[in-house]
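Notes follow once the structure below has been shown.
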Amino acid sequence: MKVLFVATVRSHIGQFHIPFIKKLKALGHTVDAAYRDNSADKQGLDTSALDTVYEVPFSRSPYSLDNIKAYRVLKKIIDDNDYDAVHCHTPMGAVVTRLAARDARKKGLKVIYTAHGFHFYKGASTLNWKVFYPIEKYLSKYTDCLITINQEDYQLATAGGFQSKRIQYVAGVGVDLSRFKPVTATEKSALRQEYGIDKDAFVMIYPADFCERKNQLMLLSALKEITLQYKNVKLLLPGLQTYIAPAEQYCRENDLLPYVEFMGYRRDIDKLDALADISVSSSRQEGLPINLIEAMALGNPIVATDVRGNNDLVQDGVNGYLVPLNDSKLMAKRIMHFIEEPALVDRFGAASLQLVEKYSVDAVMEEMLGIYRSLELI
């Protein structure tokens with residue numbers, strides 16, 4: 001089999017799909033990729049397992065003329081290389097790919113689309129529903145298998161008249177449980193010493209690039225409430241800092257800088273998660289958040305917004321707490337519950353470890369191989 005993986009940017013392939021690509025390679029298949037190279041923003045991602053890489057000038061904006069250029073470039077790549085399958089990811093990458101693959105599909109090409117979170121969802125704007133829902137529904141007829149990674153998207157696709165030949169739920173992209181695994185109290189103490197963090201501090205972590213969607217201002221507002229009662233707390237915020245200015249300004253205006261560590265883009269999230277007491281998320285919406293799955297694999301309890309993706313992973317009162325979007329006071333209260341009752345950290349963390357098994361990279365790869373077999377690709 002010869003397959004082309006497509007995503008808007010290189011980092012998406014590098015962060016989420018290399019284990020499955022390596023698996024396909026080990027089985028003797030050829031795997032190429034097409035994306036816009038954003039290595040300057042997110043360094044250290046190894047994509048050497050790919051056979052051939054094509055640069056395509058994708059834009060994440062649906063209104064950018066760059067996507068017309070991307071369509072032409074990608075159509076030529078698909079038409080010239082006699083692929084058995086194209087597996088596309090990311091919203092604009094998938095739109096352009098399915099349009100570009102129409103002619104090749106008539107000749108037997110199979111088109112697989114993994115939706116990492118539709119732009120239309122519960123709580124999305126009316127504009128999002130009017131624009132993106134019709135586009136996805138129309139393009140579904142050019143999709144041999146639509147893979148959704150959360151239950152809300154799966155239900156929307158199956159009940160919404162999508163015409164994909166097959167609609168399949170898969171539990172995300174998988175987490176390497178050999179890398180993300182619990183540490184002992186001694187190991188946690190050593191990690192805190194290594195990173196210069198007080199061994200007795202209550203540490204929260206939210207690995208996420210700074211942007212409106214990740215909604216760090218809600219979390220910082222919750223932190224403000226927490227610091228009115230507790231001073232020995234620390235919030236770690238690793239993530240690309242392109243849009244960090246509002247968060248930094250909020251911290252300066254509210255005297256939160258001593259309690260926050262802006263860490264930039266990191267490749268050591270396993271260690272940072274391991275030294276934290278709990279993991280948090282203030283996101284407005286997710287596909288299926290890998291940051292929370294990684295946290296669960298390390299045995300961290302979670303406090304997160306009750307939105308798509310987060311609520312697939314967090315069982316309220318079992319392995320963490322869900323709070324309404326932008327209810328920073330309740331988020332603060334739930335976080336302080338762990339400060340006031342430390343035994344809950346262990347109890348909820350143990351539940352996270354039990355719930356995470358289905359999201360392991362091995363389990364997800366088996367599901368993906370099953371889909372490829374059902375399409376008679378392998």
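Letters for chains follow the order of the structure tokens (A, B, ...), residue numbers begin at 1 for each chain, and ligand numbers begin at 1 in the order shown.
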When you look at Leu325 in chain A with a cut-off of 12 Å (counting only C-alpha atoms), what residues show up, excluding the ones that are within fewer than 2 positions of it in the same chain? I need them as a PyMOL selection string. chain A and resi 122-123+213-219+222+281-285+303-308+310-311+322-323+327-331
Can you list every residue of range 260-324 of chain A that has an atom at most 12 Å from range 112-115 of chain A, with its nearest atom pair and the distance in Å to one decimal, using only C-alpha atoms, ordered by chain then number, as a Markdown table?
```
| residue | atom | partner | partner_atom | distance |
| --- | --- | --- | --- | --- |
| A:Glu286 | CA | A:Ala115 | CA | 11.2 |
| A:Gly287 | CA | A:Ala115 | CA | 7.8 |
| A:Leu288 | CA | A:Ala115 | CA | 10.1 |
```
Please produce a file of the residues just selected, as a PDB file, in the first residue's frame, where the atoms kept are C-alpha atoms.
```
ATOM      1  CA  GLU A 286     -11.487  20.177  22.006  1.00  0.00           C
ATOM      2  CA  GLY A 287     -11.354  17.234  19.663  1.00  0.00           C
ATOM      3  CA  LEU A 288      -9.949  14.780  22.181  1.00  0.00           C
TER       4      LEU A 288
END
```
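DSSP, applied to the backbone of this structure, assigns strand (DSSP E) to the following residues of range 103-179 of chain A: Lys110, Val111, Ile112, Tyr113, Thr114, Ala115, Cys145, Leu146, Ile147, Thr148, Ile167, Gln168 and Tyr169 of chain A.
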Name all residues at most 12 Å from Ser360 in chain A (count only C-alpha atoms; drop same-chain ones fewer than 2 positions away) and give them as a ChimeraX atom specification. /A:19,170-181,290,293-294,296-297,353-358,362-367
Next, dump the selected residues to file, keeping only C-alpha atoms, as a compact mmCIF listing (two decimals), in the first residue's frame.
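Printed below is selection-v3.txt as written:
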```
# COMPACT_ATOMS: atom_id res chain seq x y z
CA PRO A 19 3.66 6.01 15.85
CA VAL A 170 -11.67 5.92 17.45
CA ALA A 171 -10.38 6.91 20.89
CA GLY A 172 -8.03 9.67 19.78
CA VAL A 173 -4.52 9.31 18.39
CA GLY A 174 -3.06 7.32 21.27
CA VAL A 175 -0.62 8.03 24.09
CA ASP A 176 2.62 6.16 24.67
CA LEU A 177 2.06 4.62 28.11
CA SER A 178 5.72 3.60 28.29
CA ARG A 179 6.67 7.29 28.31
CA PHE A 180 3.72 8.76 30.18
CA LYS A 181 3.51 6.70 33.35
CA ILE A 290 -3.97 14.75 24.18
CA ILE A 293 -4.88 11.89 28.17
CA GLU A 294 -1.18 12.28 28.96
CA MET A 296 -4.39 10.68 33.05
CA ALA A 297 -1.60 8.28 32.05
CA LEU A 353 -5.04 5.45 35.46
CA GLN A 354 -7.92 3.00 35.10
CA LEU A 355 -9.75 5.11 32.53
CA VAL A 356 -6.74 5.83 30.31
CA GLU A 357 -6.10 2.30 29.02
CA LYS A 358 -8.43 2.61 26.00
CA ASP A 362 -1.28 0.39 21.07
CA ALA A 363 -5.08 0.23 21.45
CA VAL A 364 -5.63 3.08 18.99
CA MET A 365 -3.23 1.62 16.41
CA GLU A 366 -5.14 -1.66 16.46
CA GLU A 367 -8.37 0.22 15.79
```
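Nearest residue to Ile278 in chain A, choosing from A:Asn326, A:Pro246, A:Gln229, A:Phe338 and counting only C-alpha atoms: A:Phe338.
Near Gln151 in chain A, within a cut-off of 9 Å and counting only C-alpha atoms, sit the residues A:Thr148, A:Ile149, A:Asp153, A:Tyr154, A:Gln155, A:Leu156, A:Tyr169, A:Arg308, A:Gly309, A:Asp312, with same-chain residues fewer than 2 positions away left out.
In this comparison, which uses only C-alpha atoms, the residue of A:Gly14, A:Pro62, A:Gly299, A:Gly28 approaching Gly44 in chain A most closely is A:Gly14.
Among A:Tyr243, A:Tyr142, A:Phe202, A:Tyr259, the residue with the shortest atom-to-atom distance to Val345 in chain A, counting only C-alpha atoms, is A:Phe202.
Taking CA of Ala49 in chain A and CA of Lys22 in chain A as the two end points, the separation is 6.3 Å.
Minimum atom-to-atom distances from A:Leu24, A:Leu220, A:Arg334, A:Phe132 to Gln249 in chain A were compared using only C-alpha atoms, and the lowest value belongs to A:Leu220.
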Find the residue from A:Val131, A:Phe162, A:Thr143, A:Leu4 that sits nearest to Leu74 in chain A; use only C-alpha atoms when measuring. A:Leu4
Determine which residues of range 205-360 of chain A DSSP labels as alpha helix (DSSP H) from the backbone of this structure, then write them out as an mmCIF file with C-alpha atoms, in the first residue's frame.
```cif
data_model
loop_
_atom_site.group_PDB
_atom_site.id
_atom_site.type_symbol
_atom_site.label_atom_id
_atom_site.label_comp_id
_atom_site.auth_asym_id
_atom_site.auth_seq_id
_atom_site.Cartn_x
_atom_site.Cartn_y
_atom_site.Cartn_z
ATOM 1 C CA GLN A 216 -6.020 30.678 29.526
ATOM 2 C CA LEU A 217 -7.644 33.836 30.927
ATOM 3 C CA MET A 218 -10.371 31.739 32.574
ATOM 4 C CA LEU A 219 -7.735 29.674 34.338
ATOM 5 C CA LEU A 220 -5.811 32.754 35.419
ATOM 6 C CA SER A 221 -9.021 34.217 36.822
ATOM 7 C CA ALA A 222 -9.461 31.014 38.842
ATOM 8 C CA LEU A 223 -5.869 31.292 40.027
ATOM 9 C CA LYS A 224 -6.587 34.805 41.265
ATOM 10 C CA GLU A 225 -9.359 33.393 43.463
ATOM 11 C CA ILE A 226 -7.089 30.621 44.737
ATOM 12 C CA THR A 227 -4.268 32.982 45.738
ATOM 13 C CA ALA A 245 0.274 39.015 25.555
ATOM 14 C CA PRO A 246 -3.267 39.042 27.114
ATOM 15 C CA ALA A 247 -2.263 36.389 29.651
ATOM 16 C CA GLU A 248 0.903 38.222 30.637
ATOM 17 C CA GLN A 249 -0.985 41.498 30.962
ATOM 18 C CA TYR A 250 -3.658 39.865 33.156
ATOM 19 C CA CYS A 251 -0.961 38.450 35.438
ATOM 20 C CA ARG A 252 0.784 41.807 35.776
ATOM 21 C CA GLU A 253 -2.463 43.634 36.531
ATOM 22 C CA ILE A 269 5.665 17.444 29.038
ATOM 23 C CA ASP A 270 5.980 13.960 30.548
ATOM 24 C CA LYS A 271 8.304 15.333 33.245
ATOM 25 C CA LEU A 272 6.295 18.510 33.786
ATOM 26 C CA ASP A 273 3.038 16.565 34.165
ATOM 27 C CA ALA A 274 4.753 14.172 36.551
ATOM 28 C CA LEU A 275 5.853 16.885 38.976
ATOM 29 C CA ILE A 290 -3.968 14.755 24.184
ATOM 30 C CA ASN A 291 -2.754 16.904 27.087
ATOM 31 C CA LEU A 292 -5.450 15.461 29.364
ATOM 32 C CA ILE A 293 -4.884 11.886 28.172
ATOM 33 C CA GLU A 294 -1.181 12.279 28.959
ATOM 34 C CA ALA A 295 -2.114 13.663 32.378
ATOM 35 C CA MET A 296 -4.387 10.684 33.053
ATOM 36 C CA ALA A 297 -1.598 8.278 32.047
ATOM 37 C CA ASN A 310 -12.842 17.247 27.851
ATOM 38 C CA ASN A 311 -16.067 15.558 28.908
ATOM 39 C CA ASP A 312 -15.111 12.407 26.987
ATOM 40 C CA LEU A 313 -12.170 12.004 29.357
ATOM 41 C CA SER A 328 -13.698 30.617 37.031
ATOM 42 C CA LYS A 329 -15.037 30.806 40.598
ATOM 43 C CA LEU A 330 -16.274 27.210 40.474
ATOM 44 C CA MET A 331 -13.037 26.119 38.826
ATOM 45 C CA ALA A 332 -11.121 27.723 41.697
ATOM 46 C CA LYS A 333 -13.377 25.990 44.221
ATOM 47 C CA ARG A 334 -12.831 22.589 42.595
ATOM 48 C CA ILE A 335 -9.055 23.084 42.488
ATOM 49 C CA MET A 336 -9.015 24.165 46.139
ATOM 50 C CA HIS A 337 -10.906 20.983 46.989
ATOM 51 C CA PHE A 338 -7.689 19.095 46.134
ATOM 52 C CA ILE A 339 -5.569 21.509 48.174
ATOM 53 C CA GLU A 340 -7.821 21.055 51.195
ATOM 54 C CA ALA A 343 -6.129 12.294 49.710
ATOM 55 C CA LEU A 344 -8.396 13.117 46.768
ATOM 56 C CA VAL A 345 -5.336 13.567 44.554
ATOM 57 C CA ASP A 346 -4.412 9.905 44.992
ATOM 58 C CA ARG A 347 -7.999 8.644 44.738
ATOM 59 C CA PHE A 348 -8.905 10.587 41.614
ATOM 60 C CA GLY A 349 -5.473 9.919 40.123
ATOM 61 C CA ALA A 350 -5.972 6.179 40.493
ATOM 62 C CA ALA A 351 -9.266 6.513 38.610
ATOM 63 C CA SER A 352 -7.449 8.373 35.802
ATOM 64 C CA LEU A 353 -5.038 5.451 35.456
ATOM 65 C CA GLN A 354 -7.922 3.004 35.100
ATOM 66 C CA LEU A 355 -9.752 5.112 32.529
#
```
Which residues are near Ser59 in chain A? Cut-off 10 Å, only C-alpha atoms, ignore same chain within fewer than 5 positions. Put them as a ChimeraX atom specification. /A:8-9,36,64-70,92-93
